[in-house]
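The file final.cif comes next; it holds mmCIF, N, CA and C atoms.
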```
data_work
loop_
_atom_site.label_atom_id
_atom_site.label_comp_id
_atom_site.auth_asym_id
_atom_site.auth_seq_id
_atom_site.Cartn_x
_atom_site.Cartn_y
_atom_site.Cartn_z
N MET A 1 -14.80 44.23 22.45
CA MET A 1 -14.32 44.09 23.81
C MET A 1 -14.36 45.47 24.46
N SER A 2 -14.85 45.51 25.69
CA SER A 2 -15.00 46.79 26.37
C SER A 2 -13.72 47.16 27.13
N ASP A 3 -13.67 48.40 27.50
CA ASP A 3 -12.51 48.95 28.22
C ASP A 3 -12.50 48.44 29.66
N PRO A 4 -11.41 47.80 30.14
CA PRO A 4 -11.36 47.27 31.50
C PRO A 4 -11.05 48.33 32.57
N MET A 5 -10.70 49.54 32.15
CA MET A 5 -10.26 50.55 33.12
C MET A 5 -11.33 50.89 34.17
N PRO A 6 -12.60 51.03 33.83
CA PRO A 6 -13.58 51.32 34.89
C PRO A 6 -13.63 50.22 35.95
N VAL A 7 -13.48 48.98 35.52
CA VAL A 7 -13.50 47.87 36.48
C VAL A 7 -12.25 47.92 37.36
N ILE A 8 -11.12 48.21 36.77
CA ILE A 8 -9.87 48.30 37.54
C ILE A 8 -9.93 49.47 38.51
N GLN A 9 -10.46 50.60 38.08
CA GLN A 9 -10.60 51.75 38.96
C GLN A 9 -11.56 51.45 40.11
N SER A 10 -12.63 50.74 39.81
CA SER A 10 -13.58 50.34 40.85
C SER A 10 -12.92 49.40 41.85
N LEU A 11 -12.13 48.48 41.35
CA LEU A 11 -11.40 47.56 42.22
C LEU A 11 -10.44 48.33 43.14
N LEU A 12 -9.69 49.25 42.57
CA LEU A 12 -8.73 50.02 43.37
C LEU A 12 -9.43 50.90 44.41
N ALA A 13 -10.60 51.41 44.07
CA ALA A 13 -11.34 52.25 45.01
C ALA A 13 -12.02 51.42 46.09
N GLY A 14 -12.52 50.25 45.72
CA GLY A 14 -13.28 49.45 46.67
C GLY A 14 -12.48 48.45 47.48
N LEU A 15 -11.30 48.09 47.01
CA LEU A 15 -10.50 47.08 47.69
C LEU A 15 -10.14 47.44 49.12
N PRO A 16 -9.72 48.67 49.41
CA PRO A 16 -9.43 49.01 50.81
C PRO A 16 -10.65 48.86 51.72
N ILE A 17 -11.83 49.22 51.23
CA ILE A 17 -13.04 49.09 52.03
C ILE A 17 -13.36 47.61 52.25
N LEU A 18 -13.25 46.83 51.19
CA LEU A 18 -13.48 45.39 51.31
C LEU A 18 -12.54 44.78 52.35
N LEU A 19 -11.27 45.11 52.27
CA LEU A 19 -10.30 44.56 53.21
C LEU A 19 -10.56 45.02 54.64
N LEU A 20 -10.99 46.26 54.80
CA LEU A 20 -11.31 46.79 56.13
C LEU A 20 -12.51 46.05 56.72
N HIS A 21 -13.56 45.89 55.93
CA HIS A 21 -14.76 45.21 56.42
C HIS A 21 -14.49 43.72 56.67
N LEU A 22 -13.79 43.08 55.75
CA LEU A 22 -13.47 41.67 55.93
C LEU A 22 -12.56 41.46 57.13
N GLY A 23 -11.56 42.32 57.26
CA GLY A 23 -10.66 42.22 58.41
C GLY A 23 -11.38 42.47 59.72
N SER A 24 -12.26 43.45 59.74
CA SER A 24 -13.04 43.74 60.95
C SER A 24 -13.96 42.59 61.30
N ALA A 25 -14.64 42.05 60.31
CA ALA A 25 -15.54 40.93 60.55
C ALA A 25 -14.76 39.71 61.04
N THR A 26 -13.61 39.47 60.48
CA THR A 26 -12.78 38.34 60.90
C THR A 26 -12.31 38.53 62.33
N MET A 27 -11.92 39.74 62.68
CA MET A 27 -11.47 40.01 64.04
C MET A 27 -12.63 39.86 65.04
N VAL A 28 -13.81 40.35 64.68
CA VAL A 28 -14.98 40.20 65.55
C VAL A 28 -15.32 38.72 65.70
N TRP A 29 -15.27 37.98 64.60
CA TRP A 29 -15.57 36.54 64.63
C TRP A 29 -14.57 35.81 65.53
N LEU A 30 -13.28 36.10 65.36
CA LEU A 30 -12.26 35.45 66.20
C LEU A 30 -12.41 35.84 67.67
N ALA A 31 -12.70 37.12 67.93
CA ALA A 31 -12.90 37.57 69.31
C ALA A 31 -14.12 36.90 69.92
N ALA A 32 -15.21 36.82 69.16
CA ALA A 32 -16.43 36.18 69.66
C ALA A 32 -16.19 34.70 69.91
N LEU A 33 -15.48 34.04 69.00
CA LEU A 33 -15.19 32.62 69.17
C LEU A 33 -14.28 32.39 70.37
N THR A 34 -13.31 33.27 70.56
CA THR A 34 -12.42 33.18 71.72
C THR A 34 -13.21 33.35 73.02
N LEU A 35 -14.09 34.33 73.04
CA LEU A 35 -14.91 34.55 74.23
C LEU A 35 -15.84 33.36 74.46
N TYR A 36 -16.40 32.82 73.40
CA TYR A 36 -17.25 31.63 73.51
C TYR A 36 -16.45 30.48 74.13
N LEU A 37 -15.23 30.27 73.65
CA LEU A 37 -14.38 29.20 74.18
C LEU A 37 -14.06 29.43 75.65
N TRP A 38 -13.88 30.68 76.02
CA TRP A 38 -13.53 31.02 77.40
C TRP A 38 -14.73 30.81 78.33
N ILE A 39 -15.92 31.10 77.84
CA ILE A 39 -17.12 31.04 78.67
C ILE A 39 -17.66 29.62 78.83
N THR A 40 -17.53 28.80 77.80
CA THR A 40 -18.08 27.45 77.91
C THR A 40 -17.30 26.66 78.95
N PRO A 41 -17.98 25.77 79.68
CA PRO A 41 -17.35 25.08 80.81
C PRO A 41 -16.29 24.05 80.43
N HIS A 42 -16.28 23.59 79.21
CA HIS A 42 -15.29 22.57 78.82
C HIS A 42 -14.27 23.17 77.86
N ASP A 43 -13.12 22.53 77.76
CA ASP A 43 -12.03 23.00 76.90
C ASP A 43 -12.13 22.27 75.56
N GLU A 44 -12.77 22.93 74.59
CA GLU A 44 -13.03 22.30 73.30
C GLU A 44 -11.75 21.86 72.60
N PHE A 45 -10.73 22.72 72.58
CA PHE A 45 -9.51 22.37 71.86
C PHE A 45 -8.79 21.18 72.48
N ALA A 46 -8.76 21.11 73.78
CA ALA A 46 -8.13 19.95 74.43
C ALA A 46 -8.91 18.68 74.10
N LEU A 47 -10.23 18.79 74.11
CA LEU A 47 -11.06 17.64 73.78
C LEU A 47 -10.87 17.23 72.32
N ILE A 48 -10.81 18.21 71.43
CA ILE A 48 -10.63 17.91 70.01
C ILE A 48 -9.26 17.26 69.78
N ARG A 49 -8.24 17.79 70.44
CA ARG A 49 -6.89 17.19 70.30
C ARG A 49 -6.88 15.74 70.78
N ALA A 50 -7.76 15.42 71.73
CA ALA A 50 -7.84 14.06 72.26
C ALA A 50 -8.75 13.17 71.40
N GLY A 51 -9.30 13.72 70.32
CA GLY A 51 -10.12 12.93 69.42
C GLY A 51 -11.60 12.96 69.72
N ASN A 52 -12.04 13.92 70.51
CA ASN A 52 -13.45 14.01 70.89
C ASN A 52 -14.23 14.64 69.75
N GLU A 53 -15.03 13.82 69.07
CA GLU A 53 -15.82 14.30 67.93
C GLU A 53 -16.94 15.23 68.36
N ALA A 54 -17.52 14.98 69.51
CA ALA A 54 -18.61 15.82 69.99
C ALA A 54 -18.14 17.26 70.19
N ALA A 55 -16.95 17.43 70.72
CA ALA A 55 -16.41 18.78 70.90
C ALA A 55 -16.17 19.46 69.56
N ALA A 56 -15.72 18.70 68.57
CA ALA A 56 -15.50 19.27 67.24
C ALA A 56 -16.82 19.70 66.60
N ILE A 57 -17.85 18.88 66.76
CA ILE A 57 -19.17 19.22 66.22
C ILE A 57 -19.71 20.48 66.91
N SER A 58 -19.58 20.52 68.22
CA SER A 58 -20.08 21.66 68.99
C SER A 58 -19.35 22.95 68.62
N LEU A 59 -18.03 22.89 68.57
CA LEU A 59 -17.25 24.09 68.25
C LEU A 59 -17.47 24.51 66.80
N GLY A 60 -17.58 23.54 65.91
CA GLY A 60 -17.89 23.87 64.51
C GLY A 60 -19.23 24.57 64.39
N GLY A 61 -20.21 24.10 65.16
CA GLY A 61 -21.52 24.76 65.17
C GLY A 61 -21.44 26.18 65.68
N ALA A 62 -20.61 26.38 66.70
CA ALA A 62 -20.43 27.74 67.23
C ALA A 62 -19.76 28.64 66.20
N ALA A 63 -18.74 28.12 65.52
CA ALA A 63 -18.03 28.91 64.52
C ALA A 63 -18.97 29.34 63.39
N ILE A 64 -19.78 28.40 62.92
CA ILE A 64 -20.74 28.72 61.87
C ILE A 64 -21.82 29.65 62.40
N GLY A 65 -22.28 29.35 63.62
CA GLY A 65 -23.34 30.16 64.22
C GLY A 65 -22.93 31.61 64.42
N LEU A 66 -21.67 31.85 64.61
CA LEU A 66 -21.19 33.23 64.75
C LEU A 66 -20.89 33.85 63.39
N ALA A 67 -20.47 33.06 62.42
CA ALA A 67 -20.07 33.59 61.12
C ALA A 67 -21.26 33.96 60.23
N VAL A 68 -22.31 33.17 60.26
CA VAL A 68 -23.44 33.41 59.35
C VAL A 68 -24.07 34.79 59.56
N PRO A 69 -24.43 35.16 60.78
CA PRO A 69 -25.00 36.51 60.95
C PRO A 69 -24.00 37.62 60.59
N LEU A 70 -22.72 37.39 60.86
CA LEU A 70 -21.73 38.39 60.47
C LEU A 70 -21.66 38.54 58.96
N GLY A 71 -21.79 37.41 58.25
CA GLY A 71 -21.79 37.47 56.79
C GLY A 71 -22.95 38.29 56.26
N PHE A 72 -24.13 38.09 56.84
CA PHE A 72 -25.29 38.88 56.42
C PHE A 72 -25.11 40.34 56.80
N CYS A 73 -24.49 40.57 57.94
CA CYS A 73 -24.23 41.94 58.37
C CYS A 73 -23.27 42.63 57.40
N LEU A 74 -22.26 41.90 56.98
CA LEU A 74 -21.31 42.46 56.01
C LEU A 74 -22.00 42.86 54.71
N ALA A 75 -22.94 42.03 54.29
CA ALA A 75 -23.62 42.31 53.03
C ALA A 75 -24.38 43.63 53.06
N GLY A 76 -24.84 44.03 54.23
CA GLY A 76 -25.60 45.27 54.32
C GLY A 76 -24.98 46.32 55.20
N SER A 77 -23.72 46.14 55.56
CA SER A 77 -23.10 47.07 56.51
C SER A 77 -22.85 48.43 55.89
N VAL A 78 -23.02 49.42 56.73
CA VAL A 78 -22.75 50.80 56.34
C VAL A 78 -21.32 51.17 56.70
N ASN A 79 -20.86 50.64 57.84
CA ASN A 79 -19.51 50.90 58.28
C ASN A 79 -19.04 49.77 59.19
N VAL A 80 -17.85 49.89 59.69
CA VAL A 80 -17.25 48.85 60.53
C VAL A 80 -18.02 48.67 61.83
N TRP A 81 -18.62 49.73 62.34
CA TRP A 81 -19.35 49.62 63.60
C TRP A 81 -20.55 48.69 63.49
N ASP A 82 -21.15 48.61 62.32
CA ASP A 82 -22.23 47.64 62.09
C ASP A 82 -21.75 46.23 62.44
N VAL A 83 -20.59 45.91 61.91
CA VAL A 83 -20.03 44.57 62.11
C VAL A 83 -19.69 44.33 63.57
N VAL A 84 -19.09 45.29 64.22
CA VAL A 84 -18.68 45.15 65.62
C VAL A 84 -19.90 45.01 66.53
N ILE A 85 -20.87 45.86 66.34
CA ILE A 85 -22.05 45.84 67.20
C ILE A 85 -22.86 44.57 66.99
N TRP A 86 -23.15 44.24 65.74
CA TRP A 86 -23.96 43.05 65.48
C TRP A 86 -23.18 41.77 65.79
N GLY A 87 -21.87 41.81 65.68
CA GLY A 87 -21.06 40.66 66.09
C GLY A 87 -21.22 40.38 67.57
N SER A 88 -21.29 41.42 68.36
CA SER A 88 -21.50 41.27 69.80
C SER A 88 -22.88 40.69 70.09
N VAL A 89 -23.87 41.16 69.36
CA VAL A 89 -25.23 40.64 69.54
C VAL A 89 -25.29 39.16 69.20
N THR A 90 -24.66 38.76 68.10
CA THR A 90 -24.70 37.35 67.70
C THR A 90 -24.01 36.47 68.73
N LEU A 91 -22.95 36.96 69.36
CA LEU A 91 -22.28 36.18 70.41
C LEU A 91 -23.22 35.94 71.57
N VAL A 92 -23.90 36.97 72.01
CA VAL A 92 -24.84 36.82 73.12
C VAL A 92 -25.93 35.81 72.76
N LEU A 93 -26.45 35.88 71.55
CA LEU A 93 -27.50 34.95 71.14
C LEU A 93 -26.99 33.51 71.07
N GLN A 94 -25.74 33.33 70.66
CA GLN A 94 -25.17 31.98 70.63
C GLN A 94 -24.97 31.44 72.05
N LEU A 95 -24.58 32.29 72.96
CA LEU A 95 -24.44 31.85 74.35
C LEU A 95 -25.79 31.48 74.94
N ILE A 96 -26.82 32.23 74.59
CA ILE A 96 -28.17 31.89 75.04
C ILE A 96 -28.58 30.54 74.46
N ALA A 97 -28.25 30.30 73.19
CA ALA A 97 -28.57 29.01 72.57
C ALA A 97 -27.86 27.87 73.30
N PHE A 98 -26.60 28.08 73.67
CA PHE A 98 -25.85 27.05 74.41
C PHE A 98 -26.54 26.76 75.73
N ARG A 99 -26.91 27.81 76.46
CA ARG A 99 -27.55 27.63 77.76
C ARG A 99 -28.93 27.00 77.63
N LEU A 100 -29.66 27.36 76.58
CA LEU A 100 -30.98 26.79 76.36
C LEU A 100 -30.88 25.28 76.10
N VAL A 101 -29.96 24.88 75.24
CA VAL A 101 -29.77 23.46 74.96
C VAL A 101 -29.29 22.74 76.21
N ASP A 102 -28.41 23.37 76.97
CA ASP A 102 -27.94 22.78 78.23
C ASP A 102 -29.12 22.55 79.17
N PHE A 103 -30.02 23.52 79.22
CA PHE A 103 -31.20 23.40 80.07
C PHE A 103 -32.12 22.28 79.57
N LEU A 104 -32.31 22.19 78.25
CA LEU A 104 -33.23 21.20 77.68
C LEU A 104 -32.76 19.76 77.86
N ILE A 105 -31.47 19.52 77.61
CA ILE A 105 -31.01 18.14 77.67
C ILE A 105 -30.16 17.85 78.90
N GLY A 106 -29.78 18.86 79.62
CA GLY A 106 -29.05 18.68 80.88
C GLY A 106 -27.62 18.23 80.71
N THR A 107 -26.78 18.70 81.58
CA THR A 107 -25.35 18.36 81.65
C THR A 107 -24.69 18.32 80.28
N LEU A 108 -24.94 19.33 79.48
CA LEU A 108 -24.42 19.39 78.12
C LEU A 108 -22.90 19.30 78.08
N SER A 109 -22.24 20.08 78.93
CA SER A 109 -20.79 20.08 78.93
C SER A 109 -20.23 18.69 79.24
N ALA A 110 -20.81 18.03 80.23
CA ALA A 110 -20.36 16.68 80.58
C ALA A 110 -20.61 15.71 79.43
N ARG A 111 -21.72 15.89 78.73
CA ARG A 111 -22.03 15.02 77.60
C ARG A 111 -21.04 15.22 76.45
N ILE A 112 -20.65 16.47 76.21
CA ILE A 112 -19.65 16.73 75.17
C ILE A 112 -18.31 16.14 75.59
N GLU A 113 -17.94 16.32 76.85
CA GLU A 113 -16.69 15.73 77.34
C GLU A 113 -16.70 14.21 77.21
N ALA A 114 -17.89 13.60 77.36
CA ALA A 114 -18.03 12.14 77.24
C ALA A 114 -18.18 11.71 75.77
N ASN A 115 -18.03 12.65 74.85
CA ASN A 115 -18.08 12.40 73.41
C ASN A 115 -19.45 11.89 72.96
N GLU A 116 -20.52 12.39 73.56
CA GLU A 116 -21.87 12.05 73.13
C GLU A 116 -22.22 12.92 71.92
N ARG A 117 -22.10 12.34 70.77
CA ARG A 117 -22.32 13.08 69.53
C ARG A 117 -23.76 13.56 69.38
N SER A 118 -24.70 12.81 69.90
CA SER A 118 -26.11 13.23 69.75
C SER A 118 -26.34 14.59 70.41
N ALA A 119 -25.78 14.79 71.58
CA ALA A 119 -25.92 16.08 72.26
C ALA A 119 -25.22 17.19 71.48
N ALA A 120 -24.03 16.88 70.95
CA ALA A 120 -23.27 17.87 70.20
C ALA A 120 -23.95 18.23 68.89
N ILE A 121 -24.52 17.23 68.22
CA ILE A 121 -25.22 17.49 66.96
C ILE A 121 -26.45 18.37 67.22
N PHE A 122 -27.20 18.05 68.26
CA PHE A 122 -28.37 18.87 68.60
C PHE A 122 -27.94 20.30 68.91
N LEU A 123 -26.88 20.45 69.68
CA LEU A 123 -26.37 21.78 70.01
C LEU A 123 -25.95 22.52 68.74
N ALA A 124 -25.20 21.87 67.87
CA ALA A 124 -24.73 22.51 66.64
C ALA A 124 -25.90 22.93 65.76
N MET A 125 -26.91 22.09 65.67
CA MET A 125 -28.08 22.43 64.85
C MET A 125 -28.87 23.59 65.47
N MET A 126 -28.96 23.63 66.79
CA MET A 126 -29.62 24.76 67.44
C MET A 126 -28.84 26.05 67.20
N LYS A 127 -27.52 25.97 67.23
CA LYS A 127 -26.69 27.15 66.94
C LYS A 127 -26.89 27.61 65.51
N ALA A 128 -26.98 26.64 64.58
CA ALA A 128 -27.21 26.99 63.18
C ALA A 128 -28.59 27.63 63.01
N ALA A 129 -29.59 27.10 63.70
CA ALA A 129 -30.94 27.66 63.61
C ALA A 129 -30.97 29.09 64.15
N VAL A 130 -30.34 29.30 65.30
CA VAL A 130 -30.28 30.65 65.87
C VAL A 130 -29.52 31.58 64.92
N ALA A 131 -28.46 31.07 64.30
CA ALA A 131 -27.68 31.88 63.36
C ALA A 131 -28.52 32.29 62.15
N CYS A 132 -29.32 31.37 61.62
CA CYS A 132 -30.19 31.69 60.47
C CYS A 132 -31.20 32.77 60.84
N LEU A 133 -31.83 32.60 61.98
CA LEU A 133 -32.82 33.59 62.41
C LEU A 133 -32.16 34.94 62.69
N THR A 134 -31.02 34.91 63.33
CA THR A 134 -30.29 36.15 63.63
C THR A 134 -29.84 36.83 62.34
N ALA A 135 -29.35 36.04 61.39
CA ALA A 135 -28.89 36.61 60.12
C ALA A 135 -30.04 37.28 59.38
N ALA A 136 -31.20 36.64 59.40
CA ALA A 136 -32.36 37.23 58.74
C ALA A 136 -32.78 38.53 59.42
N ALA A 137 -32.73 38.52 60.76
CA ALA A 137 -33.08 39.73 61.50
C ALA A 137 -32.09 40.86 61.24
N VAL A 138 -30.79 40.50 61.19
CA VAL A 138 -29.76 41.51 60.92
C VAL A 138 -29.92 42.08 59.52
N ALA A 139 -30.24 41.22 58.56
CA ALA A 139 -30.40 41.66 57.18
C ALA A 139 -31.67 42.49 57.00
N GLY A 140 -32.62 42.29 57.94
CA GLY A 140 -33.87 42.93 58.08
C GLY A 140 -34.55 43.63 57.05
#
```
Could the structure of this file be written out as C-alpha coordinates, please?
Amino acid sequence: MSDPMPVIQSLLAGLPILLLHLGSATMVWLAALTLYLWITPHDEFALIRAGNEAAAISLGGAAIGLAVPLGFCLAGSVNVWDVVIWGSVTLVLQLIAFRLVDFLIGTLSARIEANERSAAIFLAMMKAAVACLTAAAVAG
(Lines of atoms letter the chains of each structure in order from A and count residues from 1; the text may use other names and numbers.)
(Lines give C-alpha, C1' and ligand atoms only; values in the text may rest on other atoms or scores of the structure.)
Protein backbone atom coordinates (compact mmCIF):
# COMPACT_ATOMS: atom_id res chain seq x y z
CA MET A 1 0.00 0.00 0.00
CA SER A 2 1.38 3.38 -0.96
CA ASP A 3 1.65 6.50 1.16
CA PRO A 4 -1.55 8.65 0.91
CA MET A 5 0.19 11.86 2.00
CA PRO A 6 1.08 13.12 -1.51
CA VAL A 7 -2.56 12.75 -2.53
CA ILE A 8 -3.75 14.54 0.60
CA GLN A 9 -1.23 17.34 0.06
CA SER A 10 -2.34 17.66 -3.54
CA LEU A 11 -5.96 17.84 -2.42
CA LEU A 12 -5.18 20.54 0.14
CA ALA A 13 -3.22 22.56 -2.42
CA GLY A 14 -5.72 22.18 -5.24
CA LEU A 15 -9.02 22.38 -3.37
CA PRO A 16 -9.07 26.19 -3.01
CA ILE A 17 -8.44 26.57 -6.75
CA LEU A 18 -11.13 24.03 -7.57
CA LEU A 19 -13.63 25.82 -5.34
CA LEU A 20 -12.70 29.21 -6.81
CA HIS A 21 -13.12 28.01 -10.40
CA LEU A 22 -16.30 26.07 -9.65
CA GLY A 23 -17.76 28.97 -7.71
CA SER A 24 -16.86 31.43 -10.46
CA ALA A 25 -18.31 29.20 -13.16
CA THR A 26 -21.50 28.73 -11.14
CA MET A 27 -21.84 32.46 -10.60
CA VAL A 28 -21.28 33.17 -14.32
CA TRP A 29 -23.80 30.45 -15.21
CA LEU A 30 -26.40 31.85 -12.81
CA ALA A 31 -25.77 35.42 -14.01
CA ALA A 32 -26.03 34.35 -17.65
CA LEU A 33 -29.22 32.38 -16.96
CA THR A 34 -30.69 35.34 -15.07
CA LEU A 35 -29.86 37.68 -17.95
CA TYR A 36 -31.32 35.17 -20.41
CA LEU A 37 -34.54 35.06 -18.36
CA TRP A 38 -34.66 38.85 -18.26
CA ILE A 39 -34.11 39.25 -22.00
CA THR A 40 -36.53 36.62 -23.28
CA PRO A 41 -40.03 38.02 -23.92
CA HIS A 42 -41.90 35.47 -21.81
CA ASP A 43 -41.70 34.69 -18.08
CA GLU A 44 -40.41 31.11 -18.01
CA PHE A 45 -40.79 30.59 -14.27
CA ALA A 46 -44.38 31.82 -14.20
CA LEU A 47 -45.18 29.55 -17.13
CA ILE A 48 -43.43 26.59 -15.50
CA ARG A 49 -45.30 27.18 -12.23
CA ALA A 50 -48.52 27.08 -14.26
CA GLY A 51 -47.55 23.69 -15.70
CA ASN A 52 -46.27 24.84 -19.09
CA GLU A 53 -44.02 22.04 -20.32
CA ALA A 54 -42.78 24.01 -23.31
CA ALA A 55 -41.34 26.68 -21.03
CA ALA A 56 -39.60 24.00 -18.95
CA ILE A 57 -38.08 22.42 -22.07
CA SER A 58 -36.95 25.81 -23.37
CA LEU A 59 -35.43 26.94 -20.07
CA GLY A 60 -33.79 23.55 -19.54
CA GLY A 61 -32.22 23.86 -22.98
CA ALA A 62 -30.92 27.30 -22.09
CA ALA A 63 -29.47 26.06 -18.80
CA ILE A 64 -27.66 23.21 -20.54
CA GLY A 65 -26.68 25.43 -23.45
CA LEU A 66 -24.96 27.82 -21.08
CA ALA A 67 -23.41 25.15 -18.83
CA VAL A 68 -21.77 22.92 -21.46
CA PRO A 69 -19.37 25.54 -22.88
CA LEU A 70 -18.56 26.70 -19.35
CA GLY A 71 -17.72 23.12 -18.42
CA PHE A 72 -15.30 22.84 -21.33
CA CYS A 73 -13.87 26.22 -20.42
CA LEU A 74 -13.30 25.05 -16.86
CA ALA A 75 -11.42 22.02 -18.12
CA GLY A 76 -8.87 24.21 -19.86
CA SER A 77 -9.06 27.44 -17.90
CA VAL A 78 -5.93 29.23 -16.87
CA ASN A 79 -7.66 31.54 -14.43
CA VAL A 80 -11.07 32.83 -13.37
CA TRP A 81 -11.11 35.42 -16.17
CA ASP A 82 -11.27 32.60 -18.73
CA VAL A 83 -14.55 31.49 -17.21
CA VAL A 84 -15.99 35.00 -16.94
CA ILE A 85 -15.07 36.05 -20.47
CA TRP A 86 -16.12 32.84 -22.19
CA GLY A 87 -19.28 32.70 -20.09
CA SER A 88 -20.25 36.05 -21.56
CA VAL A 89 -19.54 34.82 -25.06
CA THR A 90 -21.69 31.71 -24.57
CA LEU A 91 -24.59 33.87 -23.35
CA VAL A 92 -24.45 36.00 -26.48
CA LEU A 93 -24.37 32.88 -28.67
CA GLN A 94 -27.38 31.41 -26.85
CA LEU A 95 -29.33 34.62 -27.35
CA ILE A 96 -28.46 34.51 -31.04
CA ALA A 97 -29.71 30.91 -31.14
CA PHE A 98 -32.99 32.00 -29.52
CA ARG A 99 -33.45 34.80 -32.05
CA LEU A 100 -32.51 32.54 -34.96
CA VAL A 101 -35.09 29.92 -33.97
CA ASP A 102 -37.65 32.68 -33.40
CA PHE A 103 -36.93 33.93 -36.91
CA LEU A 104 -37.15 30.43 -38.44
CA ILE A 105 -40.41 29.31 -36.89
CA GLY A 106 -41.94 32.66 -35.98
CA THR A 107 -43.67 33.85 -32.81
CA LEU A 108 -41.54 31.56 -30.66
CA SER A 109 -42.40 33.28 -27.40
CA ALA A 110 -46.13 33.05 -28.11
CA ARG A 111 -45.74 29.39 -29.02
CA ILE A 112 -43.95 28.64 -25.75
CA GLU A 113 -46.64 30.53 -23.83
CA ALA A 114 -49.23 28.39 -25.67
CA ASN A 115 -47.34 25.29 -24.48
CA GLU A 116 -46.36 24.15 -27.99
CA ARG A 117 -43.78 21.55 -27.11
CA SER A 118 -42.61 21.09 -30.69
CA ALA A 119 -41.34 24.68 -30.81
CA ALA A 120 -39.72 24.33 -27.38
CA ILE A 121 -38.04 21.04 -28.25
CA PHE A 122 -36.64 22.51 -31.47
CA LEU A 123 -35.39 25.54 -29.53
CA ALA A 124 -33.80 23.38 -26.83
CA MET A 125 -32.07 21.19 -29.41
CA MET A 126 -30.76 24.25 -31.26
CA LYS A 127 -29.41 25.59 -27.95
CA ALA A 128 -27.74 22.23 -27.29
CA ALA A 129 -26.23 22.22 -30.79
CA VAL A 130 -24.88 25.75 -30.36
CA ALA A 131 -23.53 24.74 -26.94
CA CYS A 132 -21.68 21.74 -28.41
CA LEU A 133 -20.12 23.82 -31.15
CA THR A 134 -19.24 26.61 -28.72
CA ALA A 135 -17.75 24.14 -26.24
CA ALA A 136 -15.57 22.64 -28.95
CA ALA A 137 -14.43 26.09 -30.05
CA VAL A 138 -13.68 27.12 -26.46
CA ALA A 139 -11.73 23.91 -25.86
CA GLY A 140 -10.00 24.65 -29.16
>> Report as an NGL selection string all protein, DNA and RNA residues lying within 12 Å of Ala67 in chain A, evaluated on only C-alpha atoms, omitting residues in the same chain fewer than 6 positions from it.
In response: :A and (22 or 25-33 or 60-61 or 73-74 or 83 or 86-88 or 90-91 or 94 or 127-128 or 130-132 or 134-135)
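Closest approach to Ala136 in chain A among A:Val80, A:Val68, A:Leu123, A:Leu47 is made by A:Val68 (distances from only N, CA and C atoms).
Of the residues listed (A:Leu19, A:Ala139, A:Ile48, A:Ile105), A:Ala139 shows the shortest atom-to-atom separation from Ala75 in chain A; distances use only C-alpha atoms.
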> Using only C-alpha atoms, can you list as a PyMOL selection string the residues within 12 Å of (-27.4, 17.7, 78.6)?
Replying inline: chain A and resi 98-123
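You will find atom N of Leu18 in chain A at 26.6 Å from atom N of Leu93 in chain A.
With CA of Leu59 in chain A on one side and CA of Glu44 in chain A on the other, the separation reads 6.8 Å.
Pairwise distance (CA of Pro16 in chain A, CA of Leu66 in chain A) equals 24.1 Å.
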